[in-house]
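One file, upload-v3.cif, carrying mmCIF, C-alpha atoms and all ligand atoms:
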data_coords
loop_
_atom_site.label_atom_id
_atom_site.label_comp_id
_atom_site.auth_asym_id
_atom_site.auth_seq_id
_atom_site.Cartn_x
_atom_site.Cartn_y
_atom_site.Cartn_z
CA MET G 208 8.70 -44.31 -35.30
CA LYS G 209 10.25 -42.97 -32.10
CA ILE G 210 8.53 -40.19 -30.16
CA VAL G 211 11.03 -37.97 -28.40
CA ASP G 212 10.05 -35.12 -26.08
CA SER G 213 13.32 -33.67 -24.85
CA VAL G 214 16.64 -32.50 -26.23
CA ALA G 215 18.57 -35.01 -24.10
CA LYS G 216 16.50 -37.93 -25.38
CA TYR G 217 16.98 -36.77 -28.96
CA ARG G 218 20.75 -36.46 -28.57
CA ALA G 219 20.92 -39.88 -26.92
CA LEU G 220 19.70 -41.39 -30.19
CA GLY G 221 23.02 -40.37 -31.79
CA LEU G 222 21.47 -40.16 -35.26
CA GLU G 223 23.51 -39.60 -38.40
CA ASP G 224 22.27 -38.75 -41.89
CA VAL G 225 19.16 -36.88 -40.83
CA GLY G 226 16.63 -35.27 -43.14
CA PHE G 227 14.81 -32.75 -40.94
CA ILE G 228 11.33 -31.30 -41.37
CA PRO G 229 10.39 -28.58 -38.87
CA THR G 230 6.61 -28.08 -38.50
CA MET G 231 4.00 -26.62 -36.19
CA GLY G 232 1.79 -29.71 -36.50
CA ALA G 233 -1.83 -30.00 -37.67
CA LEU G 234 -0.21 -31.91 -40.46
CA HIS G 235 -1.54 -32.19 -44.01
CA ASP G 236 -0.32 -33.42 -47.39
CA GLY G 237 2.01 -30.43 -47.74
CA HIS G 238 3.97 -31.48 -44.66
CA LEU G 239 3.89 -35.14 -45.67
CA SER G 240 5.35 -34.28 -49.08
CA LEU G 241 8.42 -32.98 -47.21
CA VAL G 242 8.76 -36.27 -45.32
CA GLU G 243 8.56 -38.06 -48.67
CA ALA G 244 11.23 -35.77 -50.14
CA ALA G 245 13.53 -36.64 -47.21
CA ARG G 246 13.44 -40.37 -48.05
CA GLU G 247 17.01 -40.17 -49.31
CA HIS G 248 18.13 -40.02 -45.65
CA ASN G 249 18.37 -42.93 -43.22
CA ASN G 250 16.55 -40.85 -40.63
CA ARG G 251 13.60 -38.58 -41.25
CA VAL G 252 13.06 -36.37 -38.21
CA VAL G 253 9.93 -34.21 -37.96
CA SER G 254 9.61 -31.65 -35.19
CA ILE G 255 6.22 -30.43 -34.05
CA PHE G 256 6.49 -27.21 -32.09
CA VAL G 257 4.02 -24.33 -32.11
CA ASN G 258 6.61 -21.62 -31.73
CA PRO G 259 5.29 -18.77 -29.57
CA LEU G 260 8.10 -16.49 -30.75
CA GLN G 261 6.79 -16.26 -34.31
CA PHE G 262 3.25 -15.19 -33.37
CA GLY G 263 2.34 -11.55 -32.80
CA PRO G 264 0.39 -10.54 -29.68
CA ASN G 265 -2.92 -10.46 -31.60
CA GLU G 266 -2.30 -13.58 -33.63
CA ASP G 267 -3.63 -17.13 -33.32
CA PHE G 268 -0.99 -18.80 -31.07
CA GLY G 269 -3.61 -19.84 -28.50
CA LYS G 270 -6.02 -21.32 -30.99
CA TYR G 271 -3.52 -22.68 -33.52
CA PRO G 272 -4.78 -26.24 -34.28
CA ARG G 273 -3.11 -28.91 -32.11
CA GLN G 274 -3.88 -32.53 -32.97
CA ILE G 275 -0.87 -34.48 -31.85
CA GLU G 276 -2.36 -38.02 -31.88
CA ARG G 277 -3.54 -37.62 -35.44
CA ASP G 278 -0.18 -36.11 -36.45
CA ILE G 279 1.68 -39.08 -34.98
CA ASP G 280 -0.48 -41.51 -36.99
CA LEU G 281 0.10 -39.54 -40.18
CA LEU G 282 3.86 -39.42 -39.62
CA THR G 283 4.07 -43.14 -38.86
CA ASN G 284 2.32 -43.88 -42.16
CA ALA G 285 4.42 -41.35 -44.05
CA GLY G 286 7.67 -43.03 -43.02
CA ALA G 287 9.07 -40.55 -40.51
CA THR G 288 11.56 -42.25 -38.17
CA VAL G 289 11.51 -39.76 -35.29
CA VAL G 290 9.02 -37.13 -34.15
CA PHE G 291 10.57 -34.53 -31.88
CA LEU G 292 8.14 -32.70 -29.57
CA PRO G 293 10.07 -30.17 -27.49
CA SER G 294 8.31 -28.15 -24.80
CA VAL G 295 8.13 -24.36 -24.76
CA GLU G 296 9.95 -24.44 -21.41
CA GLU G 297 12.88 -26.34 -22.85
CA MET G 298 13.09 -24.28 -26.03
CA TYR G 299 12.78 -20.94 -24.24
CA PRO G 300 13.88 -21.26 -20.63
CA GLU G 301 13.69 -18.13 -18.55
CA GLY G 302 16.55 -15.81 -19.36
CA ALA G 303 17.06 -17.04 -22.95
CA THR G 304 17.06 -13.70 -24.72
CA THR G 305 19.08 -14.25 -27.93
CA ARG G 306 17.16 -13.62 -31.16
CA ILE G 307 18.24 -13.96 -34.78
CA ASP G 308 17.55 -11.01 -37.06
CA VAL G 309 18.34 -11.84 -40.69
CA GLY G 310 17.97 -8.25 -41.93
CA ALA G 311 16.30 -6.62 -44.92
CA ILE G 312 14.80 -9.70 -46.55
CA ALA G 313 12.79 -10.37 -43.41
CA ARG G 314 11.36 -6.87 -43.17
CA ARG G 315 9.28 -6.77 -46.35
CA TRP G 316 5.94 -8.42 -47.10
CA GLU G 317 5.24 -10.88 -44.28
CA GLY G 318 7.78 -9.04 -42.13
CA GLU G 319 5.87 -5.79 -42.56
CA SER G 320 2.47 -7.35 -41.92
CA ARG G 321 3.76 -9.47 -39.02
CA PRO G 322 6.52 -7.55 -37.19
CA GLY G 323 8.94 -9.88 -35.42
CA HIS G 324 7.56 -12.96 -37.18
CA PHE G 325 10.76 -13.88 -39.01
CA ASN G 326 12.96 -13.22 -35.97
CA GLY G 327 10.88 -15.88 -34.28
CA VAL G 328 11.14 -18.23 -37.26
CA ALA G 329 14.90 -17.76 -37.68
CA THR G 330 15.55 -18.20 -33.96
CA VAL G 331 13.56 -21.42 -33.67
CA VAL G 332 14.92 -22.92 -36.88
CA CYS G 333 18.50 -22.14 -35.81
CA LYS G 334 17.90 -23.73 -32.41
CA LEU G 335 16.27 -26.78 -33.98
CA PHE G 336 19.17 -27.15 -36.42
CA ASN G 337 21.58 -27.07 -33.47
CA ILE G 338 19.59 -29.68 -31.57
CA VAL G 339 18.67 -32.00 -34.44
CA ALA G 340 22.00 -31.65 -36.32
CA PRO G 341 20.46 -32.51 -39.68
CA THR G 342 22.32 -33.23 -42.92
CA ALA G 343 19.52 -31.45 -44.78
CA GLY G 344 16.51 -29.32 -43.85
CA TYR G 345 13.28 -29.61 -45.87
CA PHE G 346 10.99 -26.61 -46.29
CA GLY G 347 7.91 -25.86 -48.40
CA LEU G 348 7.89 -23.16 -51.05
CA LYS G 349 4.34 -22.42 -49.89
CA ASP G 350 6.12 -20.10 -47.43
CA PHE G 351 8.30 -18.52 -50.07
CA GLN G 352 9.71 -15.69 -47.99
CA GLN G 353 10.43 -18.08 -45.13
CA CYS G 354 12.61 -20.11 -47.53
CA ALA G 355 14.48 -16.90 -48.46
CA VAL G 356 14.95 -15.95 -44.79
CA ILE G 357 16.28 -19.39 -43.85
CA SER G 358 18.64 -19.45 -46.86
CA GLN G 359 20.04 -16.10 -45.78
CA MET G 360 20.52 -17.26 -42.19
CA VAL G 361 22.21 -20.53 -43.20
CA ARG G 362 24.55 -18.64 -45.53
CA ASP G 363 25.35 -15.82 -43.12
CA LEU G 364 25.90 -18.04 -40.08
CA ASP G 365 27.69 -20.88 -41.94
CA LEU G 366 25.21 -23.40 -40.62
CA PRO G 367 26.25 -26.85 -41.87
CA VAL G 368 22.86 -27.79 -43.31
CA ARG G 369 21.85 -28.36 -46.92
CA LEU G 370 18.48 -26.78 -47.68
CA VAL G 371 15.86 -28.44 -49.85
CA PHE G 372 12.82 -26.44 -50.94
CA CYS G 373 9.81 -28.44 -52.07
CA PRO G 374 6.84 -27.46 -54.28
CA THR G 375 3.56 -26.24 -52.83
CA VAL G 376 0.95 -28.95 -52.42
CA ARG G 377 -2.54 -27.74 -53.36
CA GLU G 378 -6.09 -28.98 -52.99
CA GLY G 379 -7.99 -29.90 -56.17
CA SER G 380 -9.43 -26.38 -56.22
CA GLY G 381 -5.94 -24.85 -56.32
CA LEU G 382 -6.03 -23.69 -52.70
CA ALA G 383 -2.58 -24.20 -51.13
CA ARG G 384 -2.78 -26.66 -48.26
CA SER G 385 -2.35 -24.97 -44.91
CA SER G 386 -3.08 -25.79 -41.29
CA ARG G 387 -4.98 -22.48 -41.19
CA ASN G 388 -7.45 -23.74 -43.85
CA GLU G 389 -9.10 -25.53 -40.91
CA TYR G 390 -10.34 -22.17 -39.69
CA LEU G 391 -12.37 -21.69 -42.91
CA SER G 392 -16.07 -22.51 -43.21
CA ASN G 393 -16.93 -24.74 -46.22
CA GLU G 394 -18.16 -21.70 -48.09
CA ASP G 395 -15.00 -19.71 -47.40
CA ARG G 396 -12.83 -22.68 -48.31
CA ASP G 397 -14.43 -22.67 -51.77
CA LYS G 398 -13.93 -18.94 -51.99
CA ALA G 399 -10.28 -19.24 -50.94
CA SER G 400 -9.50 -21.11 -54.17
CA LEU G 401 -9.79 -17.68 -55.80
CA ILE G 402 -6.33 -16.84 -54.41
CA TYR G 403 -4.66 -19.34 -56.71
CA LYS G 404 -6.92 -18.36 -59.62
CA ALA G 405 -5.91 -14.73 -59.11
CA LEU G 406 -2.21 -15.68 -59.08
CA VAL G 407 -2.59 -17.63 -62.33
CA GLU G 408 -4.48 -14.76 -63.95
CA VAL G 409 -1.91 -12.15 -62.89
CA ARG G 410 0.94 -14.34 -64.13
CA LYS G 411 -0.80 -14.66 -67.50
CA ILE G 412 -1.19 -10.89 -67.85
CA ILE G 413 2.43 -10.22 -66.81
CA LEU G 414 3.73 -12.75 -69.31
CA GLN G 415 1.63 -11.11 -72.03
CA ASN G 416 3.60 -7.95 -71.27
CA GLU G 417 0.52 -5.95 -70.44
CA GLY G 418 2.12 -4.18 -67.50
CA VAL G 419 2.94 -5.34 -64.01
CA ASN G 420 0.91 -2.75 -62.13
CA ALA G 421 -2.18 -3.33 -64.24
CA ALA G 422 -1.79 -7.08 -63.74
CA LEU G 423 -1.47 -6.76 -59.95
CA LYS G 424 -4.53 -4.52 -59.91
CA VAL G 425 -6.54 -7.27 -61.64
CA GLY G 426 -5.50 -9.78 -58.98
CA GLU G 427 -6.22 -7.42 -56.10
CA THR G 428 -9.64 -6.62 -57.52
CA MET G 429 -10.53 -10.28 -58.08
CA LEU G 430 -9.93 -10.85 -54.39
CA SER G 431 -11.37 -7.66 -52.94
CA GLU G 432 -14.60 -7.99 -54.97
CA ALA G 433 -15.05 -11.46 -53.50
CA GLY G 434 -14.75 -10.09 -49.95
CA PHE G 435 -11.04 -10.55 -49.22
CA THR G 436 -8.97 -7.84 -47.53
CA ASN G 437 -5.56 -7.84 -49.18
CA ASP G 438 -2.35 -7.27 -47.24
CA TYR G 439 -0.18 -7.33 -50.36
CA PHE G 440 -0.12 -8.65 -53.92
CA ALA G 441 3.41 -8.24 -55.26
CA TYR G 442 5.61 -9.20 -58.19
CA VAL G 443 9.18 -9.63 -56.94
CA ASP G 444 12.66 -10.93 -57.66
CA ARG G 445 13.02 -14.49 -56.34
CA SER G 446 16.30 -13.82 -54.52
CA SER G 447 16.04 -10.30 -53.16
CA LEU G 448 12.22 -10.15 -52.91
CA GLU G 449 12.48 -6.58 -54.22
CA PRO G 450 9.42 -5.51 -56.23
CA LEU G 451 9.76 -5.53 -60.04
CA SER G 452 8.01 -3.12 -62.36
CA HIS G 453 8.72 -5.06 -65.57
CA VAL G 454 8.65 -8.72 -66.43
CA GLN G 455 11.98 -10.28 -65.46
CA PRO G 456 13.48 -13.75 -65.24
CA ASP G 457 13.53 -15.45 -61.81
CA SER G 458 10.45 -13.72 -60.54
CA VAL G 459 7.55 -14.72 -58.34
CA LEU G 460 4.15 -13.38 -57.30
CA LEU G 461 3.48 -13.13 -53.56
CA VAL G 462 0.07 -12.65 -52.02
CA ALA G 463 -1.27 -12.31 -48.49
CA THR G 464 -4.96 -11.75 -47.96
CA ARG G 465 -7.59 -12.12 -45.29
CA LEU G 466 -10.98 -13.75 -45.43
CA GLY G 467 -12.73 -12.66 -42.26
CA PRO G 468 -10.32 -13.47 -39.44
CA VAL G 469 -8.32 -15.99 -41.47
CA ARG G 470 -5.09 -14.79 -43.05
CA LEU G 471 -3.81 -16.81 -46.02
CA ILE G 472 -0.60 -16.56 -48.06
CA ASP G 473 0.36 -18.03 -51.40
CA ASN G 474 2.82 -17.46 -54.23
CA LEU G 475 3.43 -18.50 -57.82
CA ARG G 476 6.62 -18.61 -59.83
CA VAL G 477 6.27 -16.47 -62.94
CA ASN G 478 9.41 -17.42 -64.87
P1 LIG G 501 4.16 -25.09 -40.72
O1 LIG G 501 3.68 -26.27 -39.96
O2 LIG G 501 3.06 -24.25 -41.28
O3 LIG G 501 5.21 -24.30 -39.99
O4 LIG G 501 4.90 -25.68 -42.00
C1 LIG G 501 5.98 -26.58 -41.86
C2 LIG G 501 6.63 -26.77 -43.20
O5 LIG G 501 5.68 -27.29 -44.13
C3 LIG G 501 7.15 -25.45 -43.79
O6 LIG G 501 8.39 -25.69 -44.44
C4 LIG G 501 6.06 -25.12 -44.78
O7 LIG G 501 6.52 -24.31 -45.85
C5 LIG G 501 5.68 -26.49 -45.29
N1 LIG G 501 4.34 -26.45 -45.91
C6 LIG G 501 3.21 -25.94 -45.36
N2 LIG G 501 2.19 -26.02 -46.26
C7 LIG G 501 2.71 -26.58 -47.38
C8 LIG G 501 2.18 -26.91 -48.66
N3 LIG G 501 0.89 -26.68 -48.97
N4 LIG G 501 3.00 -27.45 -49.58
C9 LIG G 501 4.31 -27.69 -49.28
N5 LIG G 501 4.88 -27.39 -48.10
C10 LIG G 501 4.09 -26.85 -47.16
#

So, in terms of structure tokens, how does the structure I just supplied come out?
Amino acid sequence: MKIVDSVAKYRALGLEDVGFIPTMGALHDGHLSLVEAAREHNNRVVSIFVNPLQFGPNEDFGKYPRQIERDIDLLTNAGATVVFLPSVEEMYPEGATTRIDVGAIARRWEGESRPGHFNGVATVVCKLFNIVAPTAGYFGLKDFQQCAVISQMVRDLDLPVRLVFCPTVREGSGLARSSRNEYLSNEDRDKASLIYKALVEVRKIILQNEGVNAALKVGETMLSEAGFTNDYFAYVDRSSLEPLSHVQPDSVLLVATRLGPVRLIDNLRVN
């Protein structure tokens, strides 16, 4: 596996047929499943870049887990061919002020809880696509709204990249794998499995036609009674992310909740 730390060095490789996996590092099985999914390409390029633009002023940019040596070992074993490690200075030189705003789909849910977050995500992903020139980009459905935002951007800006969205990888307990799980104490990590249990329970009630609002209330209460502070628990259309009041095809549950200082998101397809 080649380790490349500048745009010029990456371009000098002259790669064709690239499956690209953008990440912020602190890699786990969720990320590695994306590398596996990209096996159909001759080159599997993983970027590791903790993108300052997508963190709010009071968020965890400074303490986001960074474990580059370990990540490199994991990627070597997973069959990545290139790891691209750009610097903040090269990605955002002084005077680089352009930002991508994808519009309404980025304003709801995560966008409301984390203003500016998706502008940061869209801007970095667009820049990385331009640098890496991938055939296909691989993203995890764990970040459901992020997939919707990137789809919108690729469509609207005619970016020549095929998008592949891969299923959420979970721990045995049901907890979605996330770099932020490392912030959880053992006790809270056990508790956090309740997020998935709540999603499954709410889906069951919705599919029994017992009312969307009542179902969401059950999920919210399961979490709040266990000590979580909920940002949102929503039942939405998979394309528009607009809330739904009745059971509909192509729908998904979205949840964001906090356990102490740790903010966790998850989602579950309903039908
Ligand atoms: P991140 O490093 O958090 O920016 O994530 C990089 C990519 O990995 C994104 O496309 C995420 O959606 C994806 N990802 C993160 N966690 C998981 C997971 N548990 N299952 C599948 N994909 C994931």

| message | Could you list the protein, DNA and RNA residues that have any atom within 6 Å of ligand LIG 501 (chain G), counting only C-alpha atoms and all ligand atoms, and write them as a PyMOL selection string? | response | chain G and resi 229-232+237-238+346-350+374-377+383-385

| message | Just want the 8 Å neighbourhood of Met429 in chain G, counted on all atoms listed in the file, with same-chain residues fewer than 3 positions away dropped. Output as a list in words. | response |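 Residues meeting the cut-off are Leu401, Ala405, Val425, Gly426, Glu432 and Ala433 of chain G.
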
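Summary of the local environment: counting all atoms listed in the file, residues at most 8 Å from range 271-283 of chain G, other than itself and those fewer than 4 positions away along its chain, are G:Met208, G:Gly232, G:Ala233, G:Leu234, G:Leu239, G:Val257, G:Asp267, G:Ala287, G:Thr288, G:Val290, G:Ser386, G:Arg387, G:Glu389.
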
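The spacing separating CA of Leu391 in chain G from CA of Thr436 in chain G amounts to 15.0 Å.
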
| message | Using only C-alpha atoms, can you tell me which of G:Asn420, G:Asn393, G:Phe291, G:Glu408 comes closest to Ile338 in chain G? | response |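 Smallest separation from Ile338 in chain G among the options: G:Phe291.
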
| message | Need to verify the contact set: Pro341 in chain G, 8 Å, all atoms listed in the file, exclusion of same-chain residues closer than 2 positions in sequence. Can you return it as JSON, numbers by chain? | response | {"G": [223, 224, 225, 226, 227, 336, 339, 343, 344, 368]}

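Proximity ranking of G:Pro322, G:Asn284, G:Ala441, G:Gln415 relative to Pro264 in chain G places G:Pro322 first, based on all atoms listed in the file.
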